[in-house]
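Enquirer: Below you'll find the structure I mean.
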Amino acid sequence: MRASRSPGVCSDSLSQAVIPVGLELHPLSTFLQHWFAGGTPELSHLNAAASEHGLVTGSGAPLSFVVPSAAGQAYEESAFRTGEIATRPGNRHDLFNALIWLAFPHTKAVLNRRHIAALKEARKLGSAARGSMRDALTQFDECGVVVAGCCPDLWQALCAHRWREVFVARREELLRTTRFLVFGHASHDALAVPFVGLCGKALFVEVDAAWLSLPEAAARSTLDARLAALFDTRNFSPRDWQPLPLLGIPGATADNQRPDYYDDARQFHAARTMRPGSSPGNR
């Protein structure tokens, strides 16, 4: 594990990390493993998968992964207008972005469409500001974590930073009732070389026992549809995301099997007191 950074960090914003030969996926990234069956996937393999499933970006343009040009258009606009996703060969960050497009295609398309809608609205008003909606979309796209569970009070305990209650005292219940799926591609990139303080932006999606018993691919497909509908109908702000220390998730590291792991204040600090009138957002 790398040296610690400031608590709450998601990852480097523009990773230049080169994919090593025989990349070993972090436990929180193993749902992407089947795309590595023949080794690290090349652009041709990624495009074949996108074509096979008829995937599209936010405009309905056919999805394709391309080597970025020197004078390329902004990422979201290019994806929307042409369907092309700039993907640097051999770049770990871009590879994980492509894989999340394949794993959650409907959600990624909706995020792209909402980005462009917000951008067009801002330009119509003569504003160059990104706005809270686009900031929220970017944060979730880069660092989002879906907490899918049938026990909302566990989620409320996480929001209150009652780490030992959730991850120690109620660990068995958590494992039975809750799944953590890392959506953010920058988080997957960072998990390849994890560090103390690595934190995601979490969103709770309530599910039932039937969903929890689904095979992994079917559960992810169902969740993709739920997330797409959620992002299609709600306006989010950065305050809606709950900070979640990724290395505290059961299975993320063997170290967190020890109860005293959650005494590390660099990762598991007390909740901040909200000012009167502040929005609790998703929390």
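Labels for the structure tokens follow display order: chains A, B, ..., residues from 1 in each chain, ligands from 1.
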Using DSSP on the backbone, list every residue of region 8-113 of chain A that comes out as strand (DSSP E or B), and give them as an mmCIF file with N, CA and C atoms, in the first residue's frame.
Expert:
data_model
loop_
_atom_site.group_PDB
_atom_site.id
_atom_site.type_symbol
_atom_site.label_atom_id
_atom_site.label_comp_id
_atom_site.auth_asym_id
_atom_site.auth_seq_id
_atom_site.Cartn_x
_atom_site.Cartn_y
_atom_site.Cartn_z
ATOM 1 N N VAL A 18 0.706 3.823 -16.575
ATOM 2 C CA VAL A 18 0.739 2.853 -17.656
ATOM 3 C C VAL A 18 0.305 1.504 -17.112
ATOM 4 N N VAL A 56 -24.480 2.984 -26.899
ATOM 5 C CA VAL A 56 -24.509 4.350 -27.436
ATOM 6 C C VAL A 56 -24.132 5.332 -26.336
ATOM 7 N N PRO A 62 -23.455 5.688 -31.814
ATOM 8 C CA PRO A 62 -22.791 4.427 -31.470
ATOM 9 C C PRO A 62 -21.491 4.673 -30.705
ATOM 10 N N SER A 64 -17.811 4.234 -29.387
ATOM 11 C CA SER A 64 -16.536 3.687 -29.863
ATOM 12 C C SER A 64 -15.404 4.299 -29.064
ATOM 13 N N PHE A 65 -14.359 3.521 -28.890
ATOM 14 C CA PHE A 65 -13.184 3.957 -28.137
ATOM 15 C C PHE A 65 -12.072 4.261 -29.131
ATOM 16 N N VAL A 66 -11.539 5.487 -29.084
ATOM 17 C CA VAL A 66 -10.579 5.930 -30.090
ATOM 18 C C VAL A 66 -9.358 6.553 -29.422
ATOM 19 N N GLU A 84 -17.539 9.007 -29.782
ATOM 20 C CA GLU A 84 -16.153 8.587 -29.577
ATOM 21 C C GLU A 84 -15.679 8.915 -28.168
ATOM 22 N N ILE A 85 -15.103 7.899 -27.510
ATOM 23 C CA ILE A 85 -14.549 8.052 -26.166
ATOM 24 C C ILE A 85 -13.035 8.043 -26.280
ATOM 25 N N ALA A 86 -12.413 9.178 -25.967
ATOM 26 C CA ALA A 86 -10.959 9.261 -26.046
ATOM 27 C C ALA A 86 -10.333 8.275 -25.068
ATOM 28 N N ASN A 91 -3.092 3.299 -21.105
ATOM 29 C CA ASN A 91 -3.329 4.162 -19.949
ATOM 30 C C ASN A 91 -4.376 3.531 -19.037
#
Enquirer: Fewer than 2 positions away in the same chain doesn't count, so skip those; otherwise give me all residues within 10 Å of region 40-48 of chain A, counting only C-alpha atoms, as a PyMOL selection string.
Expert: chain A and resi 19-23+33+35-38+50-55+63-67+87-90+95+98-99+101-102
Enquirer: Would you mind exporting the chosen residues as an mmCIF file, in the first residue's frame, restricted to C-alpha atoms?
Expert:
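Written output follows (selection.cif):
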data_model
loop_
_atom_site.group_PDB
_atom_site.id
_atom_site.type_symbol
_atom_site.label_atom_id
_atom_site.label_comp_id
_atom_site.auth_asym_id
_atom_site.auth_seq_id
_atom_site.Cartn_x
_atom_site.Cartn_y
_atom_site.Cartn_z
ATOM 1 C CA ILE A 19 -0.968 -0.521 -17.467
ATOM 2 C CA PRO A 20 1.580 -3.098 -16.259
ATOM 3 C CA VAL A 21 1.844 -6.497 -17.879
ATOM 4 C CA GLY A 22 -0.407 -8.885 -15.983
ATOM 5 C CA LEU A 23 -2.380 -6.147 -14.194
ATOM 6 C CA GLN A 33 -12.283 -9.362 -14.500
ATOM 7 C CA TRP A 35 -12.833 -8.437 -19.817
ATOM 8 C CA PHE A 36 -9.258 -9.495 -18.967
ATOM 9 C CA ALA A 37 -9.788 -13.145 -19.927
ATOM 10 C CA GLY A 38 -7.446 -12.780 -22.906
ATOM 11 C CA ALA A 50 -19.539 -2.106 -27.486
ATOM 12 C CA SER A 51 -20.670 -2.995 -31.000
ATOM 13 C CA GLU A 52 -21.939 -6.430 -29.984
ATOM 14 C CA HIS A 53 -24.280 -4.921 -27.411
ATOM 15 C CA GLY A 54 -25.279 -1.881 -29.485
ATOM 16 C CA LEU A 55 -24.031 0.608 -26.911
ATOM 17 C CA LEU A 63 -20.150 4.097 -28.747
ATOM 18 C CA SER A 64 -16.536 3.687 -29.863
ATOM 19 C CA PHE A 65 -13.184 3.957 -28.137
ATOM 20 C CA VAL A 66 -10.579 5.930 -30.090
ATOM 21 C CA VAL A 67 -7.042 7.195 -29.671
ATOM 22 C CA THR A 87 -8.924 6.295 -24.762
ATOM 23 C CA ARG A 88 -5.145 6.525 -24.525
ATOM 24 C CA PRO A 89 -3.582 3.150 -25.358
ATOM 25 C CA GLY A 90 -1.850 1.607 -22.359
ATOM 26 C CA LEU A 95 -8.983 1.654 -19.654
ATOM 27 C CA ALA A 98 -13.894 2.226 -21.038
ATOM 28 C CA LEU A 99 -14.674 -0.794 -18.876
ATOM 29 C CA TRP A 101 -18.876 2.202 -20.106
ATOM 30 C CA LEU A 102 -19.202 -1.522 -20.876
#
Enquirer: With a cut-off of 10 Å, could you pull out the residues of region 16-104 of chain A touching region 215-226 of chain A and give me the nearest pair of atoms for each, distance in Å to one decimal, using only C-alpha atoms, ordered by chain and ascending number, as a tab-separated table?
Expert:
residue	atom	partner	partner_atom	distance
A:Phe31	CA	A:Glu216	CA	7.9
A:Ala103	CA	A:Arg220	CA	7.6
A:Phe104	CA	A:Asp224	CA	5.3
Enquirer: May I have the residues from that selection written out with C-alpha atoms, as a short mmCIF file (atom, residue, chain, number, x, y, z; two decimals), in the first residue's frame?
Expert:
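Here's the written file result10.cif:
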data_model
loop_
_atom_site.label_atom_id
_atom_site.label_comp_id
_atom_site.auth_asym_id
_atom_site.auth_seq_id
_atom_site.Cartn_x
_atom_site.Cartn_y
_atom_site.Cartn_z
CA PHE A 31 -16.40 -7.50 -11.37
CA ALA A 103 -20.34 -2.46 -17.35
CA PHE A 104 -22.84 0.41 -16.82
#
Enquirer: A:Pro238, A:Pro250, A:Gly197, A:Pro259: which is nearest Leu181 (chain A), counting only C-alpha atoms?
Expert: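 Of all the options, A:Pro250 lies closest to Leu181 (chain A).
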Enquirer: Write down as an MDAnalysis selection string the residues of region 118-254 of chain A whose backbone DSSP state falls under helix (DSSP H, G or I).
Expert: chainID A and resid 118:124 131:143 152:159 163:169 171:177 185:191 209:212 216:233 238:240 246:248 254
Enquirer: Can you check which parts of region 107-168 of chain A lie within 12 Å of region 198-202 of chain A? Per residue, the shortest pair of atoms and distance in Å to one decimal, counting only C-alpha atoms, sorted by chain and number, as JSON lines.
Expert:
{"residue": "A:Ala136", "atom": "CA", "partner": "A:Lys201", "partner_atom": "CA", "distance": 9.6}
{"residue": "A:Leu137", "atom": "CA", "partner": "A:Lys201", "partner_atom": "CA", "distance": 10.8}
{"residue": "A:Thr138", "atom": "CA", "partner": "A:Lys201", "partner_atom": "CA", "distance": 10.7}
{"residue": "A:Gln139", "atom": "CA", "partner": "A:Lys201", "partner_atom": "CA", "distance": 7.2}
{"residue": "A:Phe140", "atom": "CA", "partner": "A:Lys201", "partner_atom": "CA", "distance": 6.3}
{"residue": "A:Asp141", "atom": "CA", "partner": "A:Lys201", "partner_atom": "CA", "distance": 9.5}
{"residue": "A:Glu142", "atom": "CA", "partner": "A:Gly200", "partner_atom": "CA", "distance": 8.9}
{"residue": "A:Cys143", "atom": "CA", "partner": "A:Gly200", "partner_atom": "CA", "distance": 5.1}
{"residue": "A:Gly144", "atom": "CA", "partner": "A:Lys201", "partner_atom": "CA", "distance": 4.7}
{"residue": "A:Val145", "atom": "CA", "partner": "A:Ala202", "partner_atom": "CA", "distance": 4.5}
{"residue": "A:Val146", "atom": "CA", "partner": "A:Ala202", "partner_atom": "CA", "distance": 5.7}
{"residue": "A:Val147", "atom": "CA", "partner": "A:Ala202", "partner_atom": "CA", "distance": 6.6}
{"residue": "A:Ala148", "atom": "CA", "partner": "A:Ala202", "partner_atom": "CA", "distance": 10.1}
{"residue": "A:Trp155", "atom": "CA", "partner": "A:Ala202", "partner_atom": "CA", "distance": 10.0}
{"residue": "A:Leu158", "atom": "CA", "partner": "A:Ala202", "partner_atom": "CA", "distance": 10.0}
{"residue": "A:Cys159", "atom": "CA", "partner": "A:Ala202", "partner_atom": "CA", "distance": 9.5}
Enquirer: Find the distance between CA of Ala109 (chain A) and CA of Leu227 (chain A) and write it in Å to one decimal.
Expert: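 It comes out at 11.0 Å.
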Enquirer: Would you mind listing what lies within 12 Å of Phe236 (chain A) as a PDB file with N, CA and C atoms, in the first residue's frame, with only C-alpha atoms counted and same-chain residues fewer than 6 positions away left out?
Expert:
ATOM      1  N   LEU A 111     -25.372  10.080 -17.892  1.00  0.00           N
ATOM      2  CA  LEU A 111     -24.446  11.078 -17.354  1.00  0.00           C
ATOM      3  C   LEU A 111     -23.943  11.989 -18.474  1.00  0.00           C
ATOM      4  N   ARG A 114     -26.811  14.360 -19.545  1.00  0.00           N
ATOM      5  CA  ARG A 114     -27.094  15.394 -18.559  1.00  0.00           C
ATOM      6  C   ARG A 114     -25.970  16.436 -18.531  1.00  0.00           C
ATOM      7  N   HIS A 115     -24.726  15.989 -18.708  1.00  0.00           N
ATOM      8  CA  HIS A 115     -23.599  16.927 -18.805  1.00  0.00           C
ATOM      9  C   HIS A 115     -23.850  17.934 -19.926  1.00  0.00           C
ATOM     10  N   ALA A 118     -26.730  20.390 -19.282  1.00  0.00           N
ATOM     11  CA  ALA A 118     -26.345  21.437 -18.334  1.00  0.00           C
ATOM     12  C   ALA A 118     -25.388  22.432 -18.983  1.00  0.00           C
ATOM     13  N   GLY A 131     -21.224  24.774 -12.617  1.00  0.00           N
ATOM     14  CA  GLY A 131     -22.466  24.554 -11.894  1.00  0.00           C
ATOM     15  C   GLY A 131     -22.418  23.291 -11.063  1.00  0.00           C
ATOM     16  N   SER A 132     -23.286  23.239 -10.041  1.00  0.00           N
ATOM     17  CA  SER A 132     -23.237  22.125  -9.095  1.00  0.00           C
ATOM     18  C   SER A 132     -23.649  20.806  -9.736  1.00  0.00           C
ATOM     19  N   MET A 133     -24.553  20.834 -10.703  1.00  0.00           N
ATOM     20  CA  MET A 133     -24.988  19.602 -11.345  1.00  0.00           C
ATOM     21  C   MET A 133     -23.833  18.941 -12.094  1.00  0.00           C
ATOM     22  N   ARG A 134     -23.127  19.702 -12.907  1.00  0.00           N
ATOM     23  CA  ARG A 134     -22.011  19.120 -13.656  1.00  0.00           C
ATOM     24  C   ARG A 134     -20.898  18.681 -12.721  1.00  0.00           C
ATOM     25  N   ASP A 135     -20.666  19.443 -11.648  1.00  0.00           N
ATOM     26  CA  ASP A 135     -19.657  19.022 -10.674  1.00  0.00           C
ATOM     27  C   ASP A 135     -20.041  17.687 -10.046  1.00  0.00           C
ATOM     28  N   ALA A 136     -21.322  17.545  -9.696  1.00  0.00           N
ATOM     29  CA  ALA A 136     -21.785  16.294  -9.085  1.00  0.00           C
ATOM     30  C   ALA A 136     -21.653  15.122 -10.054  1.00  0.00           C
ATOM     31  N   LEU A 137     -22.031  15.338 -11.310  1.00  0.00           N
ATOM     32  CA  LEU A 137     -21.926  14.282 -12.310  1.00  0.00           C
ATOM     33  C   LEU A 137     -20.478  13.851 -12.493  1.00  0.00           C
ATOM     34  N   THR A 138     -19.572  14.819 -12.552  1.00  0.00           N
ATOM     35  CA  THR A 138     -18.154  14.495 -12.728  1.00  0.00           C
ATOM     36  C   THR A 138     -17.621  13.731 -11.522  1.00  0.00           C
ATOM     37  N   GLN A 139     -17.969  14.168 -10.323  1.00  0.00           N
ATOM     38  CA  GLN A 139     -17.492  13.483  -9.127  1.00  0.00           C
ATOM     39  C   GLN A 139     -17.964  12.041  -9.085  1.00  0.00           C
ATOM     40  N   PHE A 140     -19.225  11.811  -9.431  1.00  0.00           N
ATOM     41  CA  PHE A 140     -19.718  10.438  -9.402  1.00  0.00           C
ATOM     42  C   PHE A 140     -19.090   9.617 -10.519  1.00  0.00           C
ATOM     43  N   LEU A 203     -23.500   6.699  -3.074  1.00  0.00           N
ATOM     44  CA  LEU A 203     -24.929   6.901  -3.285  1.00  0.00           C
ATOM     45  C   LEU A 203     -25.636   5.611  -2.883  1.00  0.00           C
ATOM     46  N   LEU A 230     -32.416   7.089 -12.197  1.00  0.00           N
ATOM     47  CA  LEU A 230     -32.193   8.036 -11.106  1.00  0.00           C
ATOM     48  C   LEU A 230     -31.498   9.297 -11.612  1.00  0.00           C
ATOM     49  N   SER A 279     -28.172  21.433   3.469  1.00  0.00           N
ATOM     50  CA  SER A 279     -28.906  20.309   2.883  1.00  0.00           C
ATOM     51  C   SER A 279     -28.183  18.997   3.150  1.00  0.00           C
ATOM     52  N   PRO A 280     -28.891  17.997   3.695  1.00  0.00           N
ATOM     53  CA  PRO A 280     -28.256  16.708   3.919  1.00  0.00           C
ATOM     54  C   PRO A 280     -28.115  15.914   2.639  1.00  0.00           C
ATOM     55  N   GLY A 281     -28.737  16.381   1.532  1.00  0.00           N
ATOM     56  CA  GLY A 281     -28.621  15.703   0.252  1.00  0.00           C
ATOM     57  C   GLY A 281     -29.037  14.251   0.340  1.00  0.00           C
ATOM     58  N   ASN A 282     -28.215  13.361  -0.263  1.00  0.00           N
ATOM     59  CA  ASN A 282     -28.532  11.936  -0.311  1.00  0.00           C
ATOM     60  C   ASN A 282     -28.505  11.329   1.072  1.00  0.00           C
TER      61      ASN A 282
END
Enquirer: Quick check, in Å to one decimal: how far apart do CA of Gly248 (chain A) and CA of Ala210 (chain A) lie?
Expert: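 Here the two named atoms are 25.9 Å from each other.
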Enquirer: Could you tell me how far CA of Pro243 (chain A) lies from CA of Phe231 (chain A), in Å and to one decimal?
Expert: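 Interatomic distance, CA of Pro243 (chain A) to CA of Phe231 (chain A): 18.8 Å.
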Enquirer: Please determine, counting only C-alpha atoms, which residue among A:Glu165, A:Glu24, A:Glu172, A:Glu206 has the shortest atom-to-atom distance to Cys151 (chain A).
Expert: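 Of A:Glu165, A:Glu24, A:Glu172, A:Glu206, the one nearest Cys151 (chain A) is A:Glu206, counting only C-alpha atoms.
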Enquirer: Name all residues at most 10 Å from Leu28 (chain A) (count only C-alpha atoms; drop same-chain ones fewer than 5 positions away) and give them as a PyMOL selection string.
Expert: chain A and resi 180-182+187-188+191-192+246-247+249-253
Enquirer: Keeping C-alpha atoms, export the residues of the selection given above as a PDB file, in the first residue's frame.
Expert:
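Okay, selection07.pdb is ready:
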ATOM      1  CA  PHE A 180     -20.662  -2.094  -2.687  1.00  0.00           C
ATOM      2  CA  LEU A 181     -20.008  -1.443  -6.388  1.00  0.00           C
ATOM      3  CA  VAL A 182     -17.310   1.015  -7.347  1.00  0.00           C
ATOM      4  CA  SER A 187     -11.304   5.078  -8.094  1.00  0.00           C
ATOM      5  CA  HIS A 188     -10.563   1.823  -9.936  1.00  0.00           C
ATOM      6  CA  LEU A 191      -7.281   0.974  -6.298  1.00  0.00           C
ATOM      7  CA  ALA A 192      -4.619  -0.540  -8.557  1.00  0.00           C
ATOM      8  CA  LEU A 246     -12.921   2.468   0.179  1.00  0.00           C
ATOM      9  CA  LEU A 247     -10.433   0.409   2.158  1.00  0.00           C
ATOM     10  CA  ILE A 249     -15.319  -2.013   2.687  1.00  0.00           C
ATOM     11  CA  PRO A 250     -15.181  -5.684   3.730  1.00  0.00           C
ATOM     12  CA  GLY A 251     -12.844  -7.539   1.411  1.00  0.00           C
ATOM     13  CA  ALA A 252     -11.041  -4.402   0.216  1.00  0.00           C
ATOM     14  CA  THR A 253      -7.993  -5.315   2.287  1.00  0.00           C
TER      15      THR A 253
END
